[in-house]
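Novice: Just final15.cif, nothing more (mmCIF, C-alpha atoms and all ligand atoms):
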```cif
data_run
#
loop_
_atom_site.group_PDB
_atom_site.id
_atom_site.type_symbol
_atom_site.label_atom_id
_atom_site.label_comp_id
_atom_site.auth_asym_id
_atom_site.auth_seq_id
_atom_site.Cartn_x
_atom_site.Cartn_y
_atom_site.Cartn_z
ATOM 1 C CA MET K 1 34.138 20.663 81.378
ATOM 2 C CA SER K 2 37.940 20.562 81.404
ATOM 3 C CA LEU K 3 39.674 23.001 83.754
ATOM 4 C CA ASP K 4 41.627 24.849 81.046
ATOM 5 C CA ALA K 5 38.447 25.887 79.199
ATOM 6 C CA ALA K 6 38.043 29.653 78.810
ATOM 7 C CA HIS K 7 34.524 31.008 78.852
ATOM 8 C CA VAL K 8 34.000 32.895 75.574
ATOM 9 C CA GLY K 9 30.258 33.510 75.397
ATOM 10 C CA SER K 10 26.872 33.192 77.036
ATOM 11 C CA GLY K 11 23.500 32.723 75.435
ATOM 12 C CA LYS K 12 20.256 32.967 77.379
ATOM 13 C CA VAL K 13 20.466 29.309 78.410
ATOM 14 C CA ARG K 14 23.817 28.089 77.019
ATOM 15 C CA GLU K 15 27.526 28.705 77.522
ATOM 16 C CA LEU K 16 30.405 28.570 75.075
ATOM 17 C CA TYR K 17 33.990 27.679 76.064
ATOM 18 C CA ALA K 18 37.247 27.595 74.110
ATOM 19 C CA LEU K 19 39.183 24.373 74.723
ATOM 20 C CA GLY K 20 42.967 24.315 74.717
ATOM 21 C CA ASP K 21 43.200 22.624 71.319
ATOM 22 C CA GLY K 22 41.324 25.266 69.304
ATOM 23 C CA THR K 23 37.941 23.575 69.537
ATOM 24 C CA LEU K 24 34.850 24.871 71.331
ATOM 25 C CA ALA K 25 32.573 23.347 73.981
ATOM 26 C CA LEU K 26 28.926 24.339 73.779
ATOM 27 C CA THR K 27 27.062 23.492 76.999
ATOM 28 C CA ALA K 28 23.289 23.597 77.384
ATOM 29 C CA SER K 29 21.981 24.398 80.883
ATOM 30 C CA ASP K 30 18.603 23.412 82.320
ATOM 31 C CA ARG K 31 17.427 27.036 82.259
ATOM 32 C CA ILE K 32 14.206 27.793 80.388
ATOM 33 C CA SER K 33 13.013 31.073 78.934
ATOM 34 C CA THR K 34 9.454 32.069 78.217
ATOM 35 C CA PHE K 35 8.137 35.353 76.846
ATOM 36 C CA ASP K 36 11.861 36.218 76.388
ATOM 37 C CA VAL K 37 12.604 35.985 80.135
ATOM 38 C CA VAL K 38 14.806 33.275 81.698
ATOM 39 C CA LEU K 39 12.897 31.833 84.660
ATOM 40 C CA PRO K 40 14.541 31.230 88.067
ATOM 41 C CA THR K 41 13.479 27.546 88.145
ATOM 42 C CA PRO K 42 15.417 25.078 85.959
ATOM 43 C CA ILE K 43 13.819 22.118 84.132
ATOM 44 C CA PRO K 44 15.915 19.063 85.141
ATOM 45 C CA ASP K 45 17.626 17.420 82.136
ATOM 46 C CA LYS K 46 16.449 20.043 79.611
ATOM 47 C CA GLY K 47 20.065 20.739 78.574
ATOM 48 C CA LYS K 48 20.697 17.008 78.027
ATOM 49 C CA VAL K 49 17.531 16.650 75.948
ATOM 50 C CA LEU K 50 18.456 19.581 73.719
ATOM 51 C CA THR K 51 22.080 18.495 73.303
ATOM 52 C CA GLY K 52 20.996 14.917 72.545
ATOM 53 C CA LEU K 53 18.482 16.083 69.958
ATOM 54 C CA SER K 54 21.002 18.377 68.240
ATOM 55 C CA ALA K 55 23.555 15.564 68.173
ATOM 56 C CA PHE K 56 20.943 13.135 66.786
ATOM 57 C CA TRP K 57 20.183 15.505 63.883
ATOM 58 C CA PHE K 58 23.875 16.252 63.275
ATOM 59 C CA GLY K 59 24.457 12.504 62.993
ATOM 60 C CA ARG K 60 21.467 11.954 60.696
ATOM 61 C CA THR K 61 22.263 14.850 58.337
ATOM 62 C CA ARG K 62 26.074 14.797 58.054
ATOM 63 C CA GLU K 63 25.899 13.378 54.509
ATOM 64 C CA LEU K 64 23.437 16.123 53.523
ATOM 65 C CA VAL K 65 25.358 19.033 55.111
ATOM 66 C CA PRO K 66 28.699 18.984 56.993
ATOM 67 C CA ASN K 67 28.460 20.170 60.621
ATOM 68 C CA HIS K 68 30.663 21.316 63.493
ATOM 69 C CA LEU K 69 30.063 18.423 65.928
ATOM 70 C CA LEU K 70 33.245 16.531 66.846
ATOM 71 C CA ARG K 71 32.037 14.572 69.915
ATOM 72 C CA LEU K 72 29.714 14.667 72.898
ATOM 73 C CA GLY K 73 30.822 15.220 76.485
ATOM 74 C CA ASP K 74 30.161 12.475 79.072
ATOM 75 C CA ASP K 75 27.832 14.919 80.852
ATOM 76 C CA GLY K 76 25.304 14.627 77.995
ATOM 77 C CA ARG K 77 24.918 18.396 77.787
ATOM 78 C CA THR K 78 28.151 19.394 76.029
ATOM 79 C CA MET K 79 29.030 19.304 72.338
ATOM 80 C CA VAL K 80 32.699 19.623 71.403
ATOM 81 C CA CYS K 81 32.730 21.514 68.102
ATOM 82 C CA ARG K 82 34.999 22.594 65.308
ATOM 83 C CA ARG K 83 35.469 26.358 65.432
ATOM 84 C CA LEU K 84 33.846 28.090 62.452
ATOM 85 C CA GLU K 85 33.792 31.640 61.111
ATOM 86 C CA MET K 86 30.079 32.199 61.686
ATOM 87 C CA LEU K 87 27.924 33.866 59.027
ATOM 88 C CA PRO K 88 26.229 37.021 60.385
ATOM 89 C CA ILE K 89 22.641 35.874 59.689
ATOM 90 C CA GLU K 90 20.059 33.547 61.187
ATOM 91 C CA CYS K 91 18.963 31.018 58.561
ATOM 92 C CA VAL K 92 15.243 30.533 59.196
ATOM 93 C CA VAL K 93 13.068 28.069 57.270
ATOM 94 C CA ARG K 94 9.293 28.180 57.611
ATOM 95 C CA GLY K 95 6.865 25.479 56.549
ATOM 96 C CA TYR K 96 3.934 27.030 58.446
ATOM 97 C CA LEU K 97 2.884 30.619 59.204
ATOM 98 C CA ALA K 98 3.692 31.545 62.818
ATOM 99 C CA GLY K 99 5.426 34.267 64.785
ATOM 100 C CA SER K 100 6.954 37.101 62.750
ATOM 101 C CA GLY K 101 6.205 35.234 59.495
ATOM 102 C CA TRP K 102 2.483 35.282 60.261
ATOM 103 C CA LYS K 103 2.641 38.960 61.357
ATOM 104 C CA ASP K 104 4.526 40.041 58.202
ATOM 105 C CA TYR K 105 2.087 38.089 55.989
ATOM 106 C CA ARG K 106 -1.011 39.449 57.740
ATOM 107 C CA ASP K 107 0.277 43.042 57.459
ATOM 108 C CA THR K 108 1.811 42.949 53.942
ATOM 109 C CA GLY K 109 1.146 39.602 52.200
ATOM 110 C CA VAL K 110 4.926 39.212 51.890
ATOM 111 C CA VAL K 111 7.511 37.433 54.099
ATOM 112 C CA CYS K 112 11.188 38.272 53.410
ATOM 113 C CA GLY K 113 10.361 38.955 49.735
ATOM 114 C CA HIS K 114 8.262 35.764 49.337
ATOM 115 C CA ASP K 115 4.949 36.734 47.759
ATOM 116 C CA LEU K 116 2.607 34.186 49.345
ATOM 117 C CA PRO K 117 -0.869 33.187 48.114
ATOM 118 C CA GLU K 118 -3.897 35.045 49.473
ATOM 119 C CA GLY K 119 -6.173 33.541 52.102
ATOM 120 C CA LEU K 120 -3.598 31.944 54.411
ATOM 121 C CA GLU K 121 -4.423 31.947 58.111
ATOM 122 C CA GLU K 122 -2.401 31.859 61.298
ATOM 123 C CA SER K 123 -0.559 28.466 61.439
ATOM 124 C CA SER K 124 -1.421 27.582 57.807
ATOM 125 C CA ARG K 125 0.931 25.157 56.094
ATOM 126 C CA LEU K 126 2.775 26.941 53.264
ATOM 127 C CA PRO K 127 2.633 25.553 49.695
ATOM 128 C CA GLU K 128 6.437 25.140 49.886
ATOM 129 C CA PRO K 129 8.898 25.800 52.751
ATOM 130 C CA ILE K 130 10.440 29.289 52.478
ATOM 131 C CA PHE K 131 13.856 30.591 53.506
ATOM 132 C CA THR K 132 13.466 33.771 55.596
ATOM 133 C CA PRO K 133 16.856 35.088 56.765
ATOM 134 C CA ALA K 134 17.112 37.451 59.725
ATOM 135 C CA THR K 135 19.798 39.609 61.260
ATOM 136 C CA LYS K 136 21.366 38.487 64.545
ATOM 137 C CA ALA K 137 20.193 41.056 67.063
ATOM 138 C CA VAL K 138 22.629 41.644 69.940
ATOM 139 C CA ALA K 139 19.680 42.763 72.098
ATOM 140 C CA GLY K 140 15.988 42.578 71.284
ATOM 141 C CA HIS K 141 14.525 40.652 68.390
ATOM 142 C CA ASP K 142 16.040 39.465 65.129
ATOM 143 C CA GLU K 143 14.849 41.445 62.114
ATOM 144 C CA ASN K 144 13.647 39.660 58.968
ATOM 145 C CA ILE K 145 15.642 40.761 55.906
ATOM 146 C CA ASP K 146 15.360 40.160 52.174
ATOM 147 C CA GLU K 147 17.635 37.919 50.131
ATOM 148 C CA GLU K 148 19.659 40.809 48.721
ATOM 149 C CA ARG K 149 20.616 42.107 52.181
ATOM 150 C CA ALA K 150 21.357 38.600 53.470
ATOM 151 C CA ALA K 151 23.605 37.805 50.487
ATOM 152 C CA ALA K 152 25.442 41.116 50.908
ATOM 153 C CA LEU K 153 26.107 40.281 54.586
ATOM 154 C CA CYS K 154 27.418 36.731 53.893
ATOM 155 C CA GLY K 155 28.875 36.973 50.405
ATOM 156 C CA ASP K 156 26.911 35.499 47.474
ATOM 157 C CA ASP K 157 28.520 32.047 47.450
ATOM 158 C CA ALA K 158 28.277 31.317 51.190
ATOM 159 C CA TYR K 159 24.717 32.691 51.211
ATOM 160 C CA ARG K 160 23.597 30.382 48.405
ATOM 161 C CA VAL K 161 25.099 27.322 50.070
ATOM 162 C CA ALA K 162 23.592 28.170 53.485
ATOM 163 C CA LYS K 163 20.162 28.771 51.931
ATOM 164 C CA GLU K 164 20.083 25.487 49.979
ATOM 165 C CA ALA K 165 21.464 23.562 52.979
ATOM 166 C CA SER K 166 18.795 25.100 55.248
ATOM 167 C CA LEU K 167 15.965 24.111 52.913
ATOM 168 C CA ALA K 168 17.360 20.577 52.486
ATOM 169 C CA LEU K 169 17.724 20.147 56.274
ATOM 170 C CA TYR K 170 14.201 21.424 56.910
ATOM 171 C CA ARG K 171 12.679 19.139 54.275
ATOM 172 C CA PHE K 172 14.478 16.129 55.731
ATOM 173 C CA ALA K 173 13.729 16.883 59.388
ATOM 174 C CA SER K 174 10.120 18.043 58.970
ATOM 175 C CA LYS K 175 9.194 14.909 57.027
ATOM 176 C CA TYR K 176 10.866 12.727 59.662
ATOM 177 C CA ALA K 177 9.236 14.599 62.584
ATOM 178 C CA GLU K 178 5.742 14.607 61.031
ATOM 179 C CA SER K 179 5.921 10.815 60.657
ATOM 180 C CA ARG K 180 6.437 10.730 64.461
ATOM 181 C CA GLY K 181 3.604 13.076 65.405
ATOM 182 C CA ILE K 182 5.547 16.331 65.674
ATOM 183 C CA ILE K 183 5.105 19.242 63.261
ATOM 184 C CA LEU K 184 8.324 21.179 62.764
ATOM 185 C CA ALA K 185 6.625 24.488 61.952
ATOM 186 C CA ASP K 186 9.835 26.469 61.474
ATOM 187 C CA THR K 187 13.459 26.363 62.511
ATOM 188 C CA LYS K 188 16.560 28.505 62.747
ATOM 189 C CA PHE K 189 20.025 27.373 61.666
ATOM 190 C CA GLU K 190 23.422 29.011 62.010
ATOM 191 C CA PHE K 191 26.212 28.278 59.561
ATOM 192 C CA GLY K 192 29.910 29.066 59.531
ATOM 193 C CA VAL K 193 32.890 28.631 57.265
ATOM 194 C CA ALA K 194 35.445 25.934 58.248
ATOM 195 C CA PRO K 195 39.216 26.364 57.740
ATOM 196 C CA ASP K 196 38.935 24.347 54.470
ATOM 197 C CA GLY K 197 36.404 26.886 53.124
ATOM 198 C CA SER K 198 33.350 24.628 53.382
ATOM 199 C CA VAL K 199 30.088 25.994 54.799
ATOM 200 C CA ASN K 200 29.167 23.953 57.893
ATOM 201 C CA LEU K 201 26.076 23.760 60.069
ATOM 202 C CA GLY K 202 26.941 25.066 63.568
ATOM 203 C CA ASP K 203 25.305 25.935 66.883
ATOM 204 C CA GLU K 204 22.355 23.760 67.987
ATOM 205 C CA ALA K 205 20.016 22.348 65.350
ATOM 206 C CA LEU K 206 16.400 21.240 65.174
ATOM 207 C CA THR K 207 15.736 21.469 68.905
ATOM 208 C CA PRO K 208 12.605 22.907 70.514
ATOM 209 C CA ASP K 209 14.696 25.977 71.531
ATOM 210 C CA SER K 210 15.641 26.717 67.895
ATOM 211 C CA SER K 211 12.354 25.603 66.310
ATOM 212 C CA ARG K 212 8.605 25.537 66.798
ATOM 213 C CA PHE K 213 7.566 21.957 67.626
ATOM 214 C CA TRP K 214 3.782 21.457 67.509
ATOM 215 C CA PRO K 215 1.932 18.268 68.518
ATOM 216 C CA ALA K 216 0.413 17.078 65.226
ATOM 217 C CA ALA K 217 -2.636 15.660 67.036
ATOM 218 C CA ASP K 218 -3.733 19.155 68.150
ATOM 219 C CA TYR K 219 -2.988 21.041 64.914
ATOM 220 C CA GLY K 220 -5.584 23.376 63.419
ATOM 221 C CA GLU K 221 -5.491 26.472 61.200
ATOM 222 C CA GLY K 222 -6.678 29.964 62.077
ATOM 223 C CA ARG K 223 -5.338 30.005 65.653
ATOM 224 C CA PRO K 224 -2.015 29.850 67.499
ATOM 225 C CA GLN K 225 -0.741 26.308 68.255
ATOM 226 C CA ALA K 226 0.196 24.818 71.600
ATOM 227 C CA SER K 227 3.972 24.452 71.946
ATOM 228 C CA PHE K 228 5.147 20.846 72.321
ATOM 229 C CA ASP K 229 7.522 21.694 75.185
ATOM 230 C CA LYS K 230 6.662 25.073 76.755
ATOM 231 C CA GLN K 231 2.865 25.163 76.818
ATOM 232 C CA PHE K 232 2.539 24.152 80.510
ATOM 233 C CA VAL K 233 4.958 26.916 81.477
ATOM 234 C CA ARG K 234 3.228 29.531 79.332
ATOM 235 C CA ASP K 235 -0.256 28.592 80.535
ATOM 236 C CA TRP K 236 0.825 28.624 84.171
ATOM 237 C CA CYS K 237 2.620 31.986 83.739
ATOM 238 C CA GLU K 238 -0.497 33.466 82.090
ATOM 239 C CA ARG K 239 -2.673 32.316 85.013
ATOM 240 C CA THR K 240 -0.399 34.002 87.598
ATOM 241 C CA GLY K 241 -0.944 37.439 86.030
ATOM 242 C CA TRP K 242 2.853 37.951 85.716
ATOM 243 C CA ASP K 243 3.563 41.068 83.570
ATOM 244 C CA LYS K 244 6.269 39.223 81.531
ATOM 245 C CA THR K 245 9.112 41.468 82.670
ATOM 246 C CA ALA K 246 12.149 40.101 84.565
ATOM 247 C CA PRO K 247 12.340 38.513 87.044
ATOM 248 C CA GLY K 248 9.989 35.712 86.081
ATOM 249 C CA PRO K 249 8.071 33.602 88.604
ATOM 250 C CA GLU K 250 9.350 30.433 90.306
ATOM 251 C CA LEU K 251 7.614 27.421 88.779
ATOM 252 C CA PRO K 252 5.706 24.962 91.006
ATOM 253 C CA ASP K 253 6.775 21.291 91.015
ATOM 254 C CA HIS K 254 3.867 20.047 88.864
ATOM 255 C CA VAL K 255 4.739 22.527 86.077
ATOM 256 C CA VAL K 256 8.438 21.538 86.258
ATOM 257 C CA ALA K 257 7.581 17.814 86.138
ATOM 258 C CA GLY K 258 5.060 18.202 83.295
ATOM 259 C CA THR K 259 7.494 20.279 81.242
ATOM 260 C CA ARG K 260 10.389 17.869 81.806
ATOM 261 C CA ALA K 261 8.134 15.011 80.671
ATOM 262 C CA ARG K 262 7.317 16.882 77.441
ATOM 263 C CA TYR K 263 11.029 17.440 76.649
ATOM 264 C CA VAL K 264 11.790 13.774 77.275
ATOM 265 C CA GLU K 265 8.766 12.763 75.167
ATOM 266 C CA ALA K 266 10.002 14.883 72.242
ATOM 267 C CA PHE K 267 13.489 13.346 72.581
ATOM 268 C CA GLU K 268 12.182 9.758 72.623
ATOM 269 C CA LYS K 269 9.621 10.277 69.825
ATOM 270 C CA LEU K 270 12.248 11.733 67.505
ATOM 271 C CA THR K 271 15.329 9.666 68.347
ATOM 272 C CA GLU K 272 13.628 6.348 69.252
ATOM 273 C CA VAL K 273 16.326 6.115 71.976
ATOM 274 C CA PRO K 274 15.189 5.807 75.634
ATOM 275 C CA PHE K 275 16.335 8.981 77.404
ATOM 276 C CA ASP K 276 17.998 6.920 80.192
ATOM 277 C CA ALA K 277 20.104 5.145 77.551
ATOM 278 C CA TYR K 278 21.264 8.539 76.270
ATOM 279 C CA VAL K 279 22.211 9.690 79.777
ATOM 280 C CA ALA K 280 24.192 6.458 80.340
ATOM 281 C CA ASN K 281 26.060 6.833 77.027
ATOM 282 C CA PRO K 282 25.382 10.029 75.034
ATOM 283 C CA GLU K 283 26.992 8.734 71.837
ATOM 284 C CA VAL K 284 24.099 6.275 71.281
ATOM 285 C CA VAL K 285 22.261 9.040 69.381
ATOM 286 C CA LEU K 286 25.039 9.470 66.798
HETATM 287 C C1 LIG K 301 28.096 29.808 68.471
HETATM 288 C C2 LIG K 301 26.351 30.867 71.168
HETATM 289 C C3 LIG K 301 26.378 29.581 73.180
HETATM 290 C C4 LIG K 301 26.685 31.867 73.308
HETATM 291 C C5 LIG K 301 29.502 31.456 68.416
HETATM 292 N N1 LIG K 301 31.346 26.072 65.967
HETATM 293 C C6 LIG K 301 31.350 27.396 66.275
HETATM 294 N N2 LIG K 301 32.364 28.168 65.856
HETATM 295 C C7 LIG K 301 32.396 29.467 66.146
HETATM 296 N N3 LIG K 301 31.442 30.074 66.851
HETATM 297 C C8 LIG K 301 30.376 29.391 67.298
HETATM 298 C C9 LIG K 301 30.296 28.006 67.018
HETATM 299 CL CL1 LIG K 301 29.018 27.035 67.551
HETATM 300 C C10 LIG K 301 29.351 30.141 68.018
HETATM 301 N N4 LIG K 301 27.554 30.858 69.076
HETATM 302 C C11 LIG K 301 26.225 30.949 69.681
HETATM 303 C C12 LIG K 301 26.258 29.657 71.791
HETATM 304 C C13 LIG K 301 26.561 30.682 73.936
HETATM 305 C C14 LIG K 301 26.580 31.980 71.926
HETATM 306 F F1 LIG K 301 26.308 28.418 73.774
HETATM 307 N N5 LIG K 301 28.386 31.865 69.062
#
```
Kindly return the structure encoded in the file as structure tokens.

Specialist:
Amino acid sequence: MSLDAAHVGSGKVRELYALGDGTLALTASDRISTFDVVLPTPIPDKGKVLTGLSAFWFGRTRELVPNHLLRLGDDGRTMVCRRLEMLPIECVVRGYLAGSGWKDYRDTGVVCGHDLPEGLEESSRLPEPIFTPATKAVAGHDENIDEERAAALCGDDAYRVAKEASLALYRFASKYAESRGIILADTKFEFGVAPDGSVNLGDEALTPDSSRFWPAADYGEGRPQASFDKQFVRDWCERTGWDKTAPGPELPDHVVAGTRARYVEAFEKLTEVPFDAYVANPEVVL
């Protein structure tokens, strides 16, 4: 980080800085959250893995959809980005039924206005990926909204572009990931408008923090799936009897090491770049 950077925002595990030249620096920490609580124990290199994966996808999809990435920091955990006027919705694409999509389907048969076939189960693959926009909650959980509300929030033109870009990105990335043993069950994108008026992909993209990554080898319908990255942490937290309110428990070394190995495994499976090569020179993923 340069010394003239002003801190302009904090996420649960990331920080956003304004650089002197009108660009932004988005830095991913090694903090991990589970059950919506940030744990006191970091996962070494998690921020580098997530930044490297985002950058890899930005590089692979720039012809499909323009994005905000300008360059990577030498630290491997910072993306220098073009500043965008962010759209006020989360652009979620689902290829499988999980989380709030599964709950909405089970209760109503409908997800964000998509009338889905009968007989789907938890974790079922959908006949076609669906776009399920949500509001950005300041606190608490995002709320799924229908297309009419989402378009009213963004403006019709920007909404249409963000929706088609989201579906195209999901189709590209899910096909690629499934060929490498990882199911991309769903994912959340954020878009913004650049000074030239174009709608650009922003934020992080197609990481395990913005998506559900499932190991394809363990997939089965009618039950929840193990998470590619966080399952050790969740299982260990469940066994401690923690009530899932802050503060969370300190993680033991074997859970930290196992979780770090899963993040690195996801990075190497998807990028085909050795993680050490990324750390030595982050731009190898571009
Ligand atoms: C991203 C966020 C984080 C806190 C704003 N290119 C951009 N232009 C304008 N705004 C953003 C971006 Cl990426 C932007 N966020 C999400 C990230 C910490 C909030 F690291 N908020």

Novice: Once you count all atoms listed in the file, which residues end up within 9 Å of ligand LIG 301 (chain K), and could you hand them over as a ChimeraX atom specification?

Specialist: /K:8-17,23-28,67-69,80-86,190-194,200-204

Novice: Tell me which of K:Ala6, K:Ala280, K:Ala152, K:Ala246 sits closest to Gly22 of chain K, counting only C-alpha atoms.

Specialist: K:Ala6

Novice: Give the answer as one residue: which of K:Tyr219, K:Tyr278, K:Phe228, K:Tyr159 has the shortest atom-to-atom distance to Leu87 of chain K, using only C-alpha atoms?

Specialist: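 Selected residue with least distance to Leu87 of chain K: K:Tyr159.
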
Novice: Just the residues within 9 Å of segment 205-216 of chain K, please, counting all atoms listed in the file, with nothing from its chain fewer than 3 positions along; format it as a compact mmCIF listing (two decimals) with C-alpha atoms, in the frame of the given file.

Specialist:
```
# COMPACT_ATOMS: atom_id res chain seq x y z
CA VAL K 49 17.53 16.65 75.95
CA LEU K 50 18.46 19.58 73.72
CA THR K 51 22.08 18.50 73.30
CA LEU K 53 18.48 16.08 69.96
CA SER K 54 21.00 18.38 68.24
CA ALA K 55 23.56 15.56 68.17
CA TRP K 57 20.18 15.50 63.88
CA PHE K 58 23.88 16.25 63.28
CA ALA K 98 3.69 31.54 62.82
CA TYR K 170 14.20 21.42 56.91
CA ALA K 173 13.73 16.88 59.39
CA GLU K 178 5.74 14.61 61.03
CA ARG K 180 6.44 10.73 64.46
CA GLY K 181 3.60 13.08 65.40
CA ILE K 182 5.55 16.33 65.67
CA ILE K 183 5.11 19.24 63.26
CA LEU K 184 8.32 21.18 62.76
CA ALA K 185 6.62 24.49 61.95
CA ASP K 186 9.84 26.47 61.47
CA THR K 187 13.46 26.36 62.51
CA LYS K 188 16.56 28.50 62.75
CA PHE K 189 20.02 27.37 61.67
CA GLU K 190 23.42 29.01 62.01
CA LEU K 201 26.08 23.76 60.07
CA GLY K 202 26.94 25.07 63.57
CA TYR K 219 -2.99 21.04 64.91
CA GLY K 220 -5.58 23.38 63.42
CA GLN K 225 -0.74 26.31 68.26
CA ALA K 226 0.20 24.82 71.60
CA SER K 227 3.97 24.45 71.95
CA PHE K 228 5.15 20.85 72.32
CA ASP K 229 7.52 21.69 75.18
CA LYS K 230 6.66 25.07 76.76
CA TYR K 263 11.03 17.44 76.65
CA ALA K 266 10.00 14.88 72.24
```

Novice: How far is it from atom CA of Ala261 of chain K to atom CA of Ala277 of chain K, in Å with one decimal?

Specialist: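 Atom CA of Ala277 of chain K lies 15.8 Å from atom CA of Ala261 of chain K.
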
Novice: Dump segment 4-11 of chain K with all heavy atoms to a file, as a PDB file, in the first residue's frame.

Specialist:
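To be explicit, this is the file written out as result.pdb:
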```pdb
ATOM      1  N   ASP K   4       0.053   7.470   0.649  1.00  0.00           N
ATOM      2  CA  ASP K   4      -0.962   8.518   0.477  1.00  0.00           C
ATOM      3  C   ASP K   4      -2.360   7.936   0.257  1.00  0.00           C
ATOM      4  O   ASP K   4      -3.285   8.644  -0.064  1.00  0.00           O
ATOM      5  CB  ASP K   4      -0.583   9.454  -0.685  1.00  0.00           C
ATOM      6  CG  ASP K   4      -0.622   8.736  -2.030  1.00  0.00           C
ATOM      7  OD1 ASP K   4      -0.509   7.485  -2.043  1.00  0.00           O
ATOM      8  OD2 ASP K   4      -0.788   9.428  -3.044  1.00  0.00           O
ATOM      9  N   ALA K   5      -2.522   6.612   0.476  1.00  0.00           N
ATOM     10  CA  ALA K   5      -3.821   5.995   0.243  1.00  0.00           C
ATOM     11  C   ALA K   5      -4.767   6.304   1.404  1.00  0.00           C
ATOM     12  O   ALA K   5      -4.428   6.100   2.558  1.00  0.00           O
ATOM     13  CB  ALA K   5      -3.654   4.492   0.078  1.00  0.00           C
ATOM     14  N   ALA K   6      -5.965   6.777   1.083  1.00  0.00           N
ATOM     15  CA  ALA K   6      -6.968   7.046   2.111  1.00  0.00           C
ATOM     16  C   ALA K   6      -7.902   5.857   2.212  1.00  0.00           C
ATOM     17  O   ALA K   6      -8.401   5.370   1.200  1.00  0.00           O
ATOM     18  CB  ALA K   6      -7.758   8.305   1.754  1.00  0.00           C
ATOM     19  N   HIS K   7      -8.132   5.421   3.430  1.00  0.00           N
ATOM     20  CA  HIS K   7      -9.045   4.297   3.644  1.00  0.00           C
ATOM     21  C   HIS K   7     -10.471   4.782   3.389  1.00  0.00           C
ATOM     22  O   HIS K   7     -10.903   5.766   3.967  1.00  0.00           O
ATOM     23  CB  HIS K   7      -8.884   3.821   5.091  1.00  0.00           C
ATOM     24  CG  HIS K   7      -9.667   2.602   5.392  1.00  0.00           C
ATOM     25  ND1 HIS K   7     -10.553   2.528   6.439  1.00  0.00           N
ATOM     26  CD2 HIS K   7      -9.713   1.403   4.776  1.00  0.00           C
ATOM     27  CE1 HIS K   7     -11.106   1.327   6.452  1.00  0.00           C
ATOM     28  NE2 HIS K   7     -10.613   0.632   5.463  1.00  0.00           N
ATOM     29  N   VAL K   8     -11.187   4.110   2.478  1.00  0.00           N
ATOM     30  CA  VAL K   8     -12.556   4.576   2.171  1.00  0.00           C
ATOM     31  C   VAL K   8     -13.636   3.548   2.482  1.00  0.00           C
ATOM     32  O   VAL K   8     -14.816   3.872   2.419  1.00  0.00           O
ATOM     33  CB  VAL K   8     -12.712   5.055   0.709  1.00  0.00           C
ATOM     34  CG1 VAL K   8     -11.894   6.306   0.473  1.00  0.00           C
ATOM     35  CG2 VAL K   8     -12.341   3.973  -0.305  1.00  0.00           C
ATOM     36  N   GLY K   9     -13.243   2.323   2.836  1.00  0.00           N
ATOM     37  CA  GLY K   9     -14.285   1.345   3.162  1.00  0.00           C
ATOM     38  C   GLY K   9     -13.700   0.061   3.710  1.00  0.00           C
ATOM     39  O   GLY K   9     -12.537  -0.257   3.453  1.00  0.00           O
ATOM     40  N   SER K  10     -14.518  -0.625   4.485  1.00  0.00           N
ATOM     41  CA  SER K  10     -14.131  -1.938   5.019  1.00  0.00           C
ATOM     42  C   SER K  10     -15.239  -2.931   4.729  1.00  0.00           C
ATOM     43  O   SER K  10     -16.418  -2.629   4.944  1.00  0.00           O
ATOM     44  CB  SER K  10     -13.966  -1.880   6.541  1.00  0.00           C
ATOM     45  OG  SER K  10     -12.848  -1.127   6.887  1.00  0.00           O
ATOM     46  N   GLY K  11     -14.862  -4.091   4.237  1.00  0.00           N
ATOM     47  CA  GLY K  11     -15.788  -5.210   4.186  1.00  0.00           C
ATOM     48  C   GLY K  11     -15.477  -6.100   5.383  1.00  0.00           C
ATOM     49  O   GLY K  11     -14.656  -5.740   6.231  1.00  0.00           O
TER      50      GLY K  11
END
```
